[in-house]
There are 4 protein chains.
Amino acid sequence: MLTAPSAAKTMRALRKSEPAPGFTATELPVPAIGPTDVLIRVRKVGLCGTDLHIYGWDQWAQRRIKPPLTIGHEFMGTVAEVGAAVRAVVPGDRVSAEGHLACGVCLLCRTGEAHICEHVKIIGVDTDGAFADYLVMPEANVWKLDPAIPDAWAAVFDPLGNAVHTVMAAGVSTKSVAITGVGSIGLMAIPVARAAGASAVYAIDVNPAKLELAGRVGADAVFDARDPNLVDEILKRTGGDGVDVLLEMSGNGAAIDAGLAMVRNGGRAALLGIPSNDVQINLAERIIFKGLTVLGINGRKMFETWYQTQALVKSGRVDLGPIITHELPFEAYDDAFGLMQSGVAAKVVLDVA
Amino acid sequence: MLTAPSAAKTMRALRKSEPAPGFTATELPVPAIGPTDVLIRVRKVGLCGTDLHIYGWDQWAQRRIKPPLTIGHEFMGTVAEVGAAVRAVVPGDRVSAEGHLACGVCLLCRTGEAHICEHVKIIGVDTDGAFADYLVMPEANVWKLDPAIPDAWAAVFDPLGNAVHTVMAAGVSTKSVAITGVGSIGLMAIPVARAAGASAVYAIDVNPAKLELAGRVGADAVFDARDPNLVDEILKRTGGDGVDVLLEMSGNGAAIDAGLAMVRNGGRAALLGIPSNDVQINLAERIIFKGLTVLGINGRKMFETWYQTQALVKSGRVDLGPIITHELPFEAYDDAFGLMQSGVAAKVVLDVA
Amino acid sequence: MLTAPSAAKTMRALRKSEPAPGFTATELPVPAIGPTDVLIRVRKVGLCGTDLHIYGWDQWAQRRIKPPLTIGHEFMGTVAEVGAAVRAVVPGDRVSAEGHLACGVCLLCRTGEAHICEHVKIIGVDTDGAFADYLVMPEANVWKLDPAIPDAWAAVFDPLGNAVHTVMAAGVSTKSVAITGVGSIGLMAIPVARAAGASAVYAIDVNPAKLELAGRVGADAVFDARDPNLVDEILKRTGGDGVDVLLEMSGNGAAIDAGLAMVRNGGRAALLGIPSNDVQINLAERIIFKGLTVLGINGRKMFETWYQTQALVKSGRVDLGPIITHELPFEAYDDAFGLMQSGVAAKVVLDVA
Amino acid sequence: MLTAPSAAKTMRALRKSEPAPGFTATELPVPAIGPTDVLIRVRKVGLCGTDLHIYGWDQWAQRRIKPPLTIGHEFMGTVAEVGAAVRAVVPGDRVSAEGHLACGVCLLCRTGEAHICEHVKIIGVDTDGAFADYLVMPEANVWKLDPAIPDAWAAVFDPLGNAVHTVMAAGVSTKSVAITGVGSIGLMAIPVARAAGASAVYAIDVNPAKLELAGRVGADAVFDARDPNLVDEILKRTGGDGVDVLLEMSGNGAAIDAGLAMVRNGGRAALLGIPSNDVQINLAERIIFKGLTVLGINGRKMFETWYQTQALVKSGRVDLGPIITHELPFEAYDDAFGLMQSGVAAKVVLDVA
């Protein structure tokens, strides 16, 4: 059970304690900071599918996670303490942070592409994460929050940033867009794409509740991915040409094939969803003859995506309200994972403090 | 006076008959078409500042215009007749057309840049234009109108296309945008920029009525160009950085200087407004040290801009209603030019048929 | 047997006469031209792998080709006659031509992307081709040759254009480049990439003769595709990062996998080689996590690629001499196909007149 | 007079000691380093026009420079000592460094555009520079040199980087390029542009010696900027279209006007040369109607440009030999400035140790 910190010296943390399913609520020392670090009092955290993989201890988790580890990478909080060399934030500042810890010295880090750093570590996956009362982050990763951003939204800037990075890499201004897979990131991509200038957004999934929600957050039309006429329907709505842009957020092989089939010649496809196995692709028909541009999308640009995300939210045209379906106390984490597993929840936020 | 055509063989036309101010209403033979041409029954035309220059016979007009010439280049109508080799339209189709007659064989024409063809001719300027009952256009220039586009809006796809080309060349998705000069194209650029994804739009002009209209069509804030604190105000609203994008639509030297001063380092400035004289620019401070990208904008991309314009209007997020301030009968053309000269009108449309 | 035309009215043509392997030499009427057409006296033709597929009558050919059909799409010749509306060439001009007949009215054709026209027809595949004494081409497809371009090189501007389009779409300036598959187009891509600014070019194939030729035309290093240390070797030569750019010209699944593995995070892969079947791809590891950009490449840009090709050849930095390994008389076409099938030849040119 | 350091604790330094023309050779303490700093034993330095402005104490220098200040920003050397947190270099490493000290926390710094940081400081201009035995640099600015780079070339990576950044921002692959102004950076831009893929390079200047040198380092043709037929000559060599790309490196108003006049419609102009006053530009004819893209260029991209520069030099296709016209001992700095002022020298390098 999670209890309030017995003193300023210890804190609650949700951990993968051993190589087996489930998490353990533990009491740990509050971590110490170095000269370029920021200690953050965590206030709200978001639950991600990745956390669910770690909870369930699937094959990916068994390969990647080295217990013991505090999990969680979506969060917001308040600066509690700063190292001597920290310049841009002070105690009391509301902050979120980029969870990808880039090495800072590789080719990618030195050319504005730290989000695909060759030596990246991810909080809550490779190092201790955010499901705790306190978290240490390098100043370089900290993002000071604009007062206009609500706390619960700030807690999910990580997945919202995934959606924004995908949308902006694809380029949607005046374009028609199909989104395959409307889990929480796919759902976020709908208002993001519209606010970023998409002229039409089509949402595709197998889950009727998610499709209904997709319509509520701005999809012009929604489609069951199993509809045998799916591609024809999309072609009909786009004058026979196909959509300008595909945002692939399912990681499902059949959806990827259908998605590529519905993009017009010369169109763009941004792939964010992560297939768990190899995917069979008819490269000739789906990509080469069509002159498609296919973009692999990882993380969020540091920090171009964060500025874009802030601008979108501040413009008032992206509403996460309907997508954050549940907000529960930190202690109710087991219920929260249950809601996610059942497919009832879109995005779940836990209140830590 | 303009009267209805006495027979199918003749038509009304508004012409610059001689090298002097004013226009003459004339009766002319309906023009004949070649195998790749389309004869269009003109139904509505838009009045442009260029027409006003020709009307007033200023220095530019004296250099460029060779009377006699039927004027006008903004229009929509119905296909009346097609040449033997025409494939994409049939009589009865509602159409507008690109008024830039590109040569088709130069480097630009053969690389998708026909809008800056080295040998371009413009209808109503270099060849007979649209202020007439009938107009001949090459099929390559004709644009079939989507049923969702209202007639009066279709009549001004030419200037709307200028706005769209400027906005899309600059790239506004998630960006803050300043527009210097909100004549009719600057006004159109406001809803276009918002629909194309701008996160904030600031309008700048000296005309209070235009600024009021700018606010009504979606500007987040409007500014008097003569305000000595103008640049500081813009910096304040953009966190001290400056706007991401400038859309220059005034052609005024002082506005260009202020506009460039308010763009952030690394920003983009798209220049559409045409200065009548040389402009003094502090290249070092305004462009070079800031790492700015400055884009000269001419016409509309053929036909990428037309597809974008269609998508924007069909998405329902661009409303030209408040910008087309006056719609008058063809015969009232003198009143129409008066409305334009007085600065009362934004965009004026004449009903030809 | 091919014989000289018995009169100005008839001509020799190499045809697929019936749905079976092989070609037939035939005598046919010289085709008539329309007002926008150009009649070309063919002088030299290039042999392509596509011709070999048609010759051998494989599954692809059986699906796509409707005999009878004159084959061939790589050629150069002299303008013999022009239609009444033709403006840019006159009889006697040395020309080649783009073999993709674009529809001219679809979205792609109207936005500078005619090379991926939705309704494209290809000469020698869908309509009568260039292996004949005369050929009719629309003026819009004809390319007037600069005097500095040798005849035999002009005859292979089609595949050279494939190489240029692939290189330029990928963007190689100052970049390291791996080319998987050095058939004739892959070989051409080597000097093209170097002339276009590549800092290093690595060639990969299974054919030692082609690899030897690759070294002669400018590859910095060549590798056997079956070398188990191939990817490690490339990583070693690129400071551990991988190449900036992959040009995939083999269409082979294993080569595509290895090629994607050797591209650095954030790199670009241009796919020109056409796999005959679906390809299994580890999208997560090969494309998504790496943030790769993958480009499907088809044909040549009309006519941006042609201008680039001309500039490259005129700059004197692309030498096709070693790549055009054989030049034979038109009558020796059976020998020519034999040379190609045996793998001895890189590019074979036939002299028609 | 400059003498060798009397001990490890002091060093020679060339300084602007007071607000007046000239420099003073001084003995100073070797500076101390912080945890993220690197102490560099300077071995070679390059002389820049900026140093000459400071030497001569012109208006710009009087406004910008606050004596006392050690000058110099082009250099290479050996790491002498590293701070506790330094990870990427160790004592003994051969290094150069980016002389722009970016703030690290502004919008530009956080979006991969630190070269146009809003709060940038430049060594040798705003803080103590490289004309000394030792120099302290933040690790983030240090560039480890590839063994293939000769010392004297490494000493001028700063201006070479200006040339590379300008060339790469403009994009020259397969393009024709005009360079207005062939001082040392303009000269460097010639082999850089060719190695980066330019198909033709035209050099324009008023100094015959520089033009002669331009021809020696790879210009296809050179032109006197005062030739009244200059623009026509360039048009003639480019088929009447004009050059694809202008690299403006003179900062001279007349050269800028002529340069813009000789770029083709749709072309690109990169401005690196810094005019000392406002420049009069016919925006309508020179930029807007032509649909030009004009790029302000400042510094070098950190560190994309450095990687590109390294790749170009390692490819063996950029030879700085003829451009580094003089190499003198550190003590001969007065002679060195004299050579620069006389226009005899292109690039001068001083040997410090």
# chains A, B, ... in the order shown; residues from 1 in each chain; ligands from 1
>>> residues_around(residues="Gly291 (chain A)", least_positions_apart="6", cutoff="7 Å", atoms="only C-alpha atoms", output="list in words")
Asn265 and Gly266 of chain A; Ile116, Leu295, Gly296, Ile297 and Asn298 of chain C
>>> write_last_selection(atoms="N, CA and C atoms", output="PDB file, in the first residue's frame")
ATOM      1  N   ASN A 265      -1.008   8.545 -54.085  1.00  0.00           N
ATOM      2  CA  ASN A 265       0.334   8.637 -54.669  1.00  0.00           C
ATOM      3  C   ASN A 265       0.991   9.935 -54.200  1.00  0.00           C
ATOM      4  N   GLY A 266       2.264   9.831 -53.861  1.00  0.00           N
ATOM      5  CA  GLY A 266       2.974  11.026 -53.407  1.00  0.00           C
ATOM      6  C   GLY A 266       2.648  11.441 -51.988  1.00  0.00           C
TER       7      GLY A 266
ATOM      8  N   ILE C 116       4.259  10.314 -60.932  1.00  0.00           N
ATOM      9  CA  ILE C 116       3.459   9.310 -60.222  1.00  0.00           C
ATOM     10  C   ILE C 116       1.971   9.509 -60.524  1.00  0.00           C
ATOM     11  N   LEU C 295      11.731   6.523 -48.729  1.00  0.00           N
ATOM     12  CA  LEU C 295      11.113   7.132 -49.896  1.00  0.00           C
ATOM     13  C   LEU C 295      10.886   6.104 -50.989  1.00  0.00           C
ATOM     14  N   GLY C 296       9.653   5.956 -51.432  1.00  0.00           N
ATOM     15  CA  GLY C 296       9.393   5.155 -52.623  1.00  0.00           C
ATOM     16  C   GLY C 296       9.733   5.976 -53.853  1.00  0.00           C
ATOM     17  N   ILE C 297      10.514   5.387 -54.752  1.00  0.00           N
ATOM     18  CA  ILE C 297      10.978   6.134 -55.929  1.00  0.00           C
ATOM     19  C   ILE C 297      10.446   5.471 -57.195  1.00  0.00           C
ATOM     20  N   ASN C 298       9.853   6.265 -58.045  1.00  0.00           N
ATOM     21  CA  ASN C 298       9.251   5.758 -59.270  1.00  0.00           C
ATOM     22  C   ASN C 298       9.579   6.716 -60.409  1.00  0.00           C
TER      23      ASN C 298
END
>>> interface_residues(of="chain B", to="chain D", cutoff="7 Å", atoms="only C-alpha atoms", output="compact mmCIF listing (two decimals) with N, CA and C atoms, in the first residue's frame")
# COMPACT_ATOMS: atom_id res chain seq x y z
N ILE B 116 5.63 30.98 -61.75
CA ILE B 116 6.68 31.99 -61.96
C ILE B 116 7.35 31.78 -63.31
N ASN B 265 14.30 35.17 -34.50
CA ASN B 265 15.46 34.54 -35.13
C ASN B 265 15.03 33.20 -35.72
N LEU B 271 6.74 37.57 -48.60
CA LEU B 271 6.44 38.90 -49.12
C LEU B 271 5.51 38.80 -50.33
N LEU B 272 4.28 39.27 -50.17
CA LEU B 272 3.33 39.30 -51.29
C LEU B 272 3.06 40.73 -51.75
N ILE B 274 3.42 44.41 -53.03
CA ILE B 274 4.38 44.88 -54.04
C ILE B 274 4.71 46.34 -53.81
N PRO B 275 5.93 46.64 -53.33
CA PRO B 275 6.31 48.04 -53.15
C PRO B 275 6.40 48.74 -54.51
N ASN B 277 8.28 51.33 -55.05
CA ASN B 277 9.65 51.82 -55.21
C ASN B 277 10.63 50.89 -54.50
N ASP B 278 11.92 51.19 -54.66
CA ASP B 278 12.94 50.46 -53.90
C ASP B 278 12.67 50.61 -52.40
N VAL B 279 13.09 49.61 -51.63
CA VAL B 279 12.91 49.63 -50.19
C VAL B 279 14.29 49.57 -49.54
N GLN B 280 14.50 50.40 -48.52
CA GLN B 280 15.76 50.38 -47.77
C GLN B 280 15.66 49.33 -46.68
N ILE B 281 16.59 48.40 -46.66
CA ILE B 281 16.54 47.34 -45.66
C ILE B 281 17.88 47.24 -44.93
N ASN B 282 17.81 47.12 -43.62
CA ASN B 282 19.00 46.84 -42.82
C ASN B 282 19.20 45.33 -42.85
N LEU B 283 19.83 44.87 -43.94
CA LEU B 283 19.96 43.43 -44.16
C LEU B 283 20.65 42.74 -43.00
N ALA B 284 21.69 43.40 -42.43
CA ALA B 284 22.46 42.77 -41.36
C ALA B 284 21.56 42.45 -40.17
N ILE B 287 17.79 40.52 -41.38
CA ILE B 287 17.74 39.23 -42.10
C ILE B 287 18.94 38.34 -41.79
N ILE B 288 20.16 38.89 -41.88
CA ILE B 288 21.34 38.03 -41.83
C ILE B 288 21.62 37.50 -40.43
N PHE B 289 21.75 38.40 -39.45
CA PHE B 289 22.07 37.93 -38.08
C PHE B 289 20.95 37.07 -37.52
N LYS B 290 19.71 37.36 -37.94
CA LYS B 290 18.57 36.60 -37.43
C LYS B 290 18.41 35.24 -38.11
N GLY B 291 19.16 35.01 -39.19
CA GLY B 291 18.98 33.73 -39.89
C GLY B 291 17.58 33.58 -40.45
N LEU B 292 17.02 34.68 -40.96
CA LEU B 292 15.66 34.63 -41.50
C LEU B 292 15.60 33.96 -42.87
N THR B 293 14.44 33.40 -43.18
CA THR B 293 14.13 32.95 -44.53
C THR B 293 13.06 33.89 -45.10
N VAL B 294 13.39 34.55 -46.21
CA VAL B 294 12.48 35.51 -46.84
C VAL B 294 12.03 34.94 -48.18
N LEU B 295 10.72 34.89 -48.39
CA LEU B 295 10.17 34.26 -49.59
C LEU B 295 9.44 35.29 -50.44
N GLY B 296 9.84 35.44 -51.69
CA GLY B 296 9.06 36.23 -52.63
C GLY B 296 7.88 35.40 -53.11
N ILE B 297 6.68 35.98 -53.05
CA ILE B 297 5.47 35.22 -53.39
C ILE B 297 4.80 35.87 -54.60
N ASN B 298 4.49 35.07 -55.58
CA ASN B 298 3.89 35.57 -56.80
C ASN B 298 2.78 34.61 -57.23
>>> select_by_dssp(residues="region 39-220 of chain B", states="alpha helix (DSSP H)", output="MDAnalysis selection string")
chainID B and resid 49:56 59:64 151:155 157:170 184:195 208:216
>>> residues_around(residues="Ser184 (chain D)", least_positions_apart="5", cutoff="10 Å", atoms="only C-alpha atoms", output="JSON, numbers by chain")
{"D": [48, 49, 159, 160, 163, 189, 210, 214, 249, 323, 324, 325, 345, 346, 347, 348]}
>>> residues_around(residues="region 73-75 of chain B", least_positions_apart="4", cutoff="7 Å", atoms="only C-alpha atoms", output="ChimeraX atom specification")
/B:42,44-47,96,99,123-124,129-130,155-156,158
>>> write_last_selection(atoms="N, CA, C and O atoms", output="mmCIF file, in the first residue's frame")
data_model
loop_
_atom_site.group_PDB
_atom_site.id
_atom_site.type_symbol
_atom_site.label_atom_id
_atom_site.label_comp_id
_atom_site.auth_asym_id
_atom_site.auth_seq_id
_atom_site.Cartn_x
_atom_site.Cartn_y
_atom_site.Cartn_z
ATOM 1 N N VAL B 42 -19.199 33.998 -68.334
ATOM 2 C CA VAL B 42 -18.830 34.596 -67.052
ATOM 3 C C VAL B 42 -20.089 34.910 -66.241
ATOM 4 O O VAL B 42 -21.063 35.447 -66.771
ATOM 5 N N LYS B 44 -19.819 35.735 -62.402
ATOM 6 C CA LYS B 44 -19.443 36.707 -61.369
ATOM 7 C C LYS B 44 -17.973 37.051 -61.524
ATOM 8 O O LYS B 44 -17.174 36.179 -61.878
ATOM 9 N N VAL B 45 -17.651 38.320 -61.244
ATOM 10 C CA VAL B 45 -16.247 38.734 -61.281
ATOM 11 C C VAL B 45 -15.899 39.468 -59.994
ATOM 12 O O VAL B 45 -16.768 40.050 -59.345
ATOM 13 N N GLY B 46 -14.628 39.417 -59.637
ATOM 14 C CA GLY B 46 -14.144 40.151 -58.469
ATOM 15 C C GLY B 46 -13.318 41.335 -58.921
ATOM 16 O O GLY B 46 -12.638 41.274 -59.953
ATOM 17 N N LEU B 47 -13.360 42.423 -58.135
ATOM 18 C CA LEU B 47 -12.550 43.601 -58.446
ATOM 19 C C LEU B 47 -11.271 43.562 -57.625
ATOM 20 O O LEU B 47 -11.295 43.298 -56.422
ATOM 21 N N SER B 96 -13.837 28.110 -62.404
ATOM 22 C CA SER B 96 -13.039 29.319 -62.337
ATOM 23 C C SER B 96 -11.783 29.008 -63.161
ATOM 24 O O SER B 96 -11.735 27.968 -63.839
ATOM 25 N N GLY B 99 -5.546 32.736 -63.930
ATOM 26 C CA GLY B 99 -5.393 33.810 -64.892
ATOM 27 C C GLY B 99 -3.974 34.001 -65.412
ATOM 28 O O GLY B 99 -3.753 34.803 -66.317
ATOM 29 N N ILE B 123 -4.316 37.377 -67.795
ATOM 30 C CA ILE B 123 -5.564 37.853 -68.409
ATOM 31 C C ILE B 123 -5.976 39.173 -67.750
ATOM 32 O O ILE B 123 -5.755 39.389 -66.563
ATOM 33 N N GLY B 124 -6.555 40.044 -68.553
ATOM 34 C CA GLY B 124 -6.989 41.341 -68.033
ATOM 35 C C GLY B 124 -5.852 42.325 -67.867
ATOM 36 O O GLY B 124 -6.067 43.479 -67.479
ATOM 37 N N GLY B 129 -9.476 40.056 -70.713
ATOM 38 C CA GLY B 129 -9.816 39.493 -69.416
ATOM 39 C C GLY B 129 -11.270 39.129 -69.239
ATOM 40 O O GLY B 129 -12.015 38.892 -70.212
ATOM 41 N N ALA B 130 -11.681 39.087 -67.985
ATOM 42 C CA ALA B 130 -12.914 38.434 -67.560
ATOM 43 C C ALA B 130 -14.103 39.363 -67.377
ATOM 44 O O ALA B 130 -15.216 38.880 -67.147
ATOM 45 N N ALA B 155 -15.661 33.276 -57.385
ATOM 46 C CA ALA B 155 -15.241 34.410 -58.215
ATOM 47 C C ALA B 155 -13.951 35.038 -57.707
ATOM 48 O O ALA B 155 -13.262 35.734 -58.455
ATOM 49 N N VAL B 156 -13.627 34.826 -56.456
ATOM 50 C CA VAL B 156 -12.414 35.445 -55.895
ATOM 51 C C VAL B 156 -11.373 34.390 -55.496
ATOM 52 O O VAL B 156 -10.562 34.608 -54.601
ATOM 53 N N ASP B 158 -8.895 33.691 -57.177
ATOM 54 C CA ASP B 158 -7.579 34.239 -57.539
ATOM 55 C C ASP B 158 -6.932 34.930 -56.329
ATOM 56 O O ASP B 158 -5.845 34.523 -55.886
#
>>> residues_around(residues="Arg110 (chain C)", least_positions_apart="4", cutoff="8 Å", atoms="only C-alpha atoms", output="list in words")
Met302, Phe303 and Glu304 of chain B; Gly104, Val105, Cys106 and Ala114 of chain C
>>> residues_around(residues="Val231 (chain C)", least_positions_apart="6", cutoff="9 Å", atoms="only C-alpha atoms", output="VMD selection string")
chain C and resid 242 258 to 259 261 to 262
>>> atom_distance(atom1="CA of Val120 (chain A)", atom2="CA of Arg64 (chain A)")
13.3 Å
>>> select_by_dssp(residues="region 40-186 of chain B", states="strand (DSSP E)", output="ChimeraX atom specification")
/B:40-46,69-70,74-82,94-97,100-101,121-122,134-138,142-144,176-180
>>> residues_around(residues="Pro68 (chain A)", least_positions_apart="3", cutoff="10 Å", atoms="only C-alpha atoms", output="list in words")
Arg15, Lys16, Ser17, Glu18, Pro19, Thr24, Ile65, Ile71, Thr127 and Asp128 of chain A
>>> write_last_selection(atoms="C-alpha atoms", output="mmCIF file, in the first residue's frame")
data_model
loop_
_atom_site.group_PDB
_atom_site.id
_atom_site.type_symbol
_atom_site.label_atom_id
_atom_site.label_comp_id
_atom_site.auth_asym_id
_atom_site.auth_seq_id
_atom_site.Cartn_x
_atom_site.Cartn_y
_atom_site.Cartn_z
ATOM 1 C CA ARG A 15 8.234 -0.317 -8.413
ATOM 2 C CA LYS A 16 8.913 -3.409 -10.382
ATOM 3 C CA SER A 17 10.719 -5.146 -7.533
ATOM 4 C CA GLU A 18 11.348 -8.505 -9.120
ATOM 5 C CA PRO A 19 11.126 -10.214 -12.530
ATOM 6 C CA THR A 24 5.123 -3.109 -5.459
ATOM 7 C CA ILE A 65 13.548 -4.111 -17.712
ATOM 8 C CA ILE A 71 8.299 2.913 -13.203
ATOM 9 C CA THR A 127 16.266 4.393 -14.964
ATOM 10 C CA ASP A 128 14.011 5.189 -12.017
#
